[in-house]
Structure formats: structure tokens, C-alpha cells
Amino acid sequence: MKISKINLYAVAPRWLFLEMETDEGITGWGEPVIEGKAATVKTAVEEFIPLLIGKDPSRIEDLWQMMYRGFFYRGGPEVMSAISGIDQALWDIKGKKLGVPVYELLGGQCRDKLKIYSWIGGDRPSDVRESAAKLYATGCKAVKLNASEEMHYIDNFSKVQAVCERIAGIREELGYSIDIGVDFHGRIHKAMAKVLAKETEQFHLMFIEEPVLPENSEALKEIARHTSTPIAVGERMFNRWDFKKLFFEGYADIIQPDLSHAGGISEVKKIAAMAEAYDTALAPHCPLGPIALAACIQIDACSPNAFIQEQSLGIHYNKGTDLLDYLEDKSVFDFNAGYINIPKGAGLGVKINKEKVIEASKTGHNWKNPIWRNYDGTVAEW
């Protein structure tokens, strides 16, 4: 079997899909995208295409190494996202060729079902109490919200108090029957992150996420001194070498590699194994589309340290187009009492509605995150 063609489709709300065709008629799908940089990632994929056409798609590790090591300058979010989507499609083809889910090729299932969580509150969190209650009524057992709006290096305590009041509202409504993750989103600088970590400890959160930017990871040691809440990081780390220092320092309790950013299934399986060796939990990052989620679930199914999975159904980014809209069989992601069953379909386990994808790609998208500024006019972290 040989790779014969690679097609790329930019589709709403902010995704890029990759279709890999073969001379035997088996097609694989991947989702190579950096949110807000879809066009850049598309160009990165196009630069890899001449190296892939005519190659045997079953030689996944060799092709991955060629894409990663075959260039003097390597890594970074856009290049690694391009490799990620290609890698997903290669595994999809291999699973379909052999008639098994990808996780069967990675050691097989080690769990029967997978806990998932949903987003509430949007970029500027509000009405989270009501949103959490509505989700809980559907069987949802875990939610995540952005902690805060923009926050300066040193800011007024009222912003910290507002975060606590939002979380308190959920606890007053639902008690400890629901798990709560709070995403600092890298918006909070070290000094305020210490304050916020300490003040939110009273709510016994599932985790605090990205309390500081990944380039400031040395600050995690100091933040960890102020809280017993598990610290989750990793959505902006792009290969096992990025994670290596994090594991060695030991201040992360949960890692969140993104299957569409961190080298795909091949690389995240290795990162997950590294995490297990350091007694660290796995919770893949995935506010993206159905192909990315399908890839995550393949890793979750065969990784004993995976404990929960992010998914984007109903997320604030998905206005007009949602997670299930590009699938032929939408039941593959049915949630039951806060869990999802491990899919049994071959490859990634999802069937993409190609006609819908082609039609959506005619419009495409140009999604960009907003530019925020602090009260004094300085550029803030989004």
C-alpha cells in the first residue's frame, strides 16, 4: 500500500481536517491544527506532502522520524501540529487495514469506559452555577471553567474573590457530587497565581490548569508550596523533550498533551508512558474536533494513567458548528453518566461525513483569539 494523495479542509468553527488517500482505497483522517494558526499549519503539512506521497503508510514510526528529524530546524507548535495530524491519519489507515481500533495496536484496552468533562463559562466566565447544574442534570460528573479574565502581574484582590465566588456557587448548588477543574489559562502571572492557588484550595478542585505559562514552568515549584490541589500542565508542550524537564522537576501532577499539537498518537503514547514512570496522571487536552477527540480516546483506552478526557461538545468556541456535525454516526461519542464507552470501530473509530466536510471547506474559517489588554493598556495574556 502507498500514500497516493493528501487533502486538507479548513472547516468551521476553527478546525483543519486532513484526508490521506492510498492506492488501495483505504482513507485515513487526521486533525492538524493550532487554534488561530490553521493556515500556517496547512502550509506546514503541504511542505511534508512531497516526502509522503508514494511511501508505505504502515511504517508510521519511520515516517514520524523522517518528518521530525529530517529537517535541521524542528519542533514548535505549527510543525508539530502538522506532524500530529499526519500521524493520526497514518494510524487510522493502519487500524482500518487490519480491521481493529488503534488502541489494539498499542497494547489493547486497559479500561472499559472513560470519564469526560465539559466546559462552562466561556472566555469571560459567568453564570457557571446554572451551567454546571444543567450539565449535571444530564449526567455530567465533571466540568472545567476559565478562572479569570485578564489579570495584571499584580492585581486587585477583587479579581481573586470573583473567581472564588464563581466556584463557591457551583459547590453550593452541587456540593462534591461534581468535579471542578479551573483553568488559569496562562493568564495569571506568578505572584497572583500563588494567591489564586491558595485561595481556591478551599474548594477541593479536581485540578488547577496551566497556573503559569509553560515558559515559566520553574514557578510551578513555588506555586505548589501554596496548595495541595493537583497541578495540570502541558497543552502548550509539543514533544517528549518539552515534557522531560517537567517530569524531572516533579511539580506537575497531571499532564495534558494535545493529540493535535504534540506529535499525534505516536508521540503522546510515549509521553504518557514517561508520565506513568513519574507517577503522573494523563488528561489529554482537546477543545477541538471529532478526529482529535477520537485520537485522544485511542490513547486513553490503552494508557493506565489516563483518568479523564476533555471534549468540546457545547464549548463556547463551537457556535454554529459543533463536535458531532461532521460525523456519519454521532452515537460514537454518546455520554452516559459522565462516561463514554471505548469505541470498537477500526482505526480511529469514527466515520467522517466527507460531503459535509467538503461543503464546509468552501466557506472555511479565519478564527483568531481576541487580543486582550489590561486596565492600563498593556497587552494581557489571553
# chains A, B, ... in the order shown; residues from 1 in each chain; ligands from 1
>>> residues_around(residues="stretch 224-241 of chain A", least_positions_apart="4", cutoff="6 Å", atoms="only C-alpha atoms", output="list of chain:residue names")
A:Ala197, A:Lys198, A:Phe207, A:Ile208, A:Glu209, A:Glu210, A:Leu220, A:Ala252, A:Asp253, A:Ile254, A:Ile255, A:Gln256, A:Pro257, A:Asp258, A:His261, A:Ala262, A:Ile271, A:His285
>>> write_last_selection(atoms="C-alpha atoms", output="mmCIF file, in the first residue's frame")
data_model
loop_
_atom_site.group_PDB
_atom_site.id
_atom_site.type_symbol
_atom_site.label_atom_id
_atom_site.label_comp_id
_atom_site.auth_asym_id
_atom_site.auth_seq_id
_atom_site.Cartn_x
_atom_site.Cartn_y
_atom_site.Cartn_z
ATOM 1 C CA ALA A 197 -3.922 28.728 44.063
ATOM 2 C CA LYS A 198 -4.047 29.260 47.817
ATOM 3 C CA PHE A 207 -7.072 20.415 39.322
ATOM 4 C CA ILE A 208 -5.807 23.880 38.503
ATOM 5 C CA GLU A 209 -4.633 24.057 34.902
ATOM 6 C CA GLU A 210 -1.712 25.990 33.434
ATOM 7 C CA LEU A 220 5.425 25.669 39.494
ATOM 8 C CA ALA A 252 3.113 18.643 37.703
ATOM 9 C CA ASP A 253 0.512 16.130 38.884
ATOM 10 C CA ILE A 254 -1.397 15.870 35.589
ATOM 11 C CA ILE A 255 -0.090 16.275 32.047
ATOM 12 C CA GLN A 256 -2.300 17.467 29.205
ATOM 13 C CA PRO A 257 -0.575 16.848 25.865
ATOM 14 C CA ASP A 258 -2.767 17.631 22.864
ATOM 15 C CA HIS A 261 -0.272 19.506 18.762
ATOM 16 C CA ALA A 262 2.197 17.153 20.468
ATOM 17 C CA ILE A 271 4.760 10.922 26.670
ATOM 18 C CA HIS A 285 -6.122 18.432 26.025
#
>>> residues_around(residues="A:Lys356", least_positions_apart="3", cutoff="9 Å", atoms="only C-alpha atoms", output="list in words")
Asp325, Tyr326, Leu327, Ile352, Asn353, Glu359, Ala360 and Ser361 of chain A
>>> write_last_selection(atoms="C-alpha atoms", output="mmCIF file, in the first residue's frame")
data_model
loop_
_atom_site.group_PDB
_atom_site.id
_atom_site.type_symbol
_atom_site.label_atom_id
_atom_site.label_comp_id
_atom_site.auth_asym_id
_atom_site.auth_seq_id
_atom_site.Cartn_x
_atom_site.Cartn_y
_atom_site.Cartn_z
ATOM 1 C CA ASP A 325 -21.645 17.781 12.919
ATOM 2 C CA TYR A 326 -19.014 16.128 10.699
ATOM 3 C CA LEU A 327 -19.716 12.535 11.765
ATOM 4 C CA ILE A 352 -16.262 11.327 8.731
ATOM 5 C CA ASN A 353 -19.027 12.735 6.543
ATOM 6 C CA GLU A 359 -19.168 21.706 1.697
ATOM 7 C CA ALA A 360 -17.957 23.369 4.923
ATOM 8 C CA SER A 361 -14.477 23.859 3.491
#
>>> residues_around(residues="A:Ser260", least_positions_apart="2", cutoff="8 Å", atoms="only C-alpha atoms", output="MDAnalysis selection string")
chainID A and resid 31:34 81 84:85 258 262:264 292
>>> residues_around(residues="stretch 131-145 of chain A", least_positions_apart="4", cutoff="6 Å", atoms="only C-alpha atoms", output="PyMOL selection string")
chain A and resi 117-121+178-182+337-338
>>> write_last_selection(atoms="C-alpha atoms", output="PDB file, in the first residue's frame")
ATOM      1  CA  TYR A 117     -15.568  16.657  31.336  1.00  0.00           C
ATOM      2  CA  SER A 118     -17.372  19.588  29.772  1.00  0.00           C
ATOM      3  CA  TRP A 119     -16.663  23.315  29.564  1.00  0.00           C
ATOM      4  CA  ILE A 120     -18.734  26.030  31.226  1.00  0.00           C
ATOM      5  CA  GLY A 121     -18.485  29.803  31.369  1.00  0.00           C
ATOM      6  CA  ILE A 178     -19.301  17.140  40.644  1.00  0.00           C
ATOM      7  CA  ASP A 179     -15.569  17.569  39.971  1.00  0.00           C
ATOM      8  CA  ILE A 180     -14.347  21.052  39.068  1.00  0.00           C
ATOM      9  CA  GLY A 181     -11.244  21.921  37.090  1.00  0.00           C
ATOM     10  CA  VAL A 182     -10.155  25.565  36.980  1.00  0.00           C
ATOM     11  CA  ALA A 337     -23.497   9.235  33.423  1.00  0.00           C
ATOM     12  CA  GLY A 338     -20.351  11.248  32.733  1.00  0.00           C
TER      13      GLY A 338
END
>>> closest_residue(among="A:Glu249, A:Asp242, A:Asp334, A:Glu165", to="A:Lys221", atoms="only C-alpha atoms")
A:Glu249
>>> atom_distance(atom1="atom CA of A:Pro370", atom2="atom CA of A:Glu215")
21.1 Å
>>> residues_around(residues="A:Asn305", least_positions_apart="5", cutoff="7 Å", atoms="only C-alpha atoms", output="list in words")
Glu276, Ala281 and Leu282 of chain A
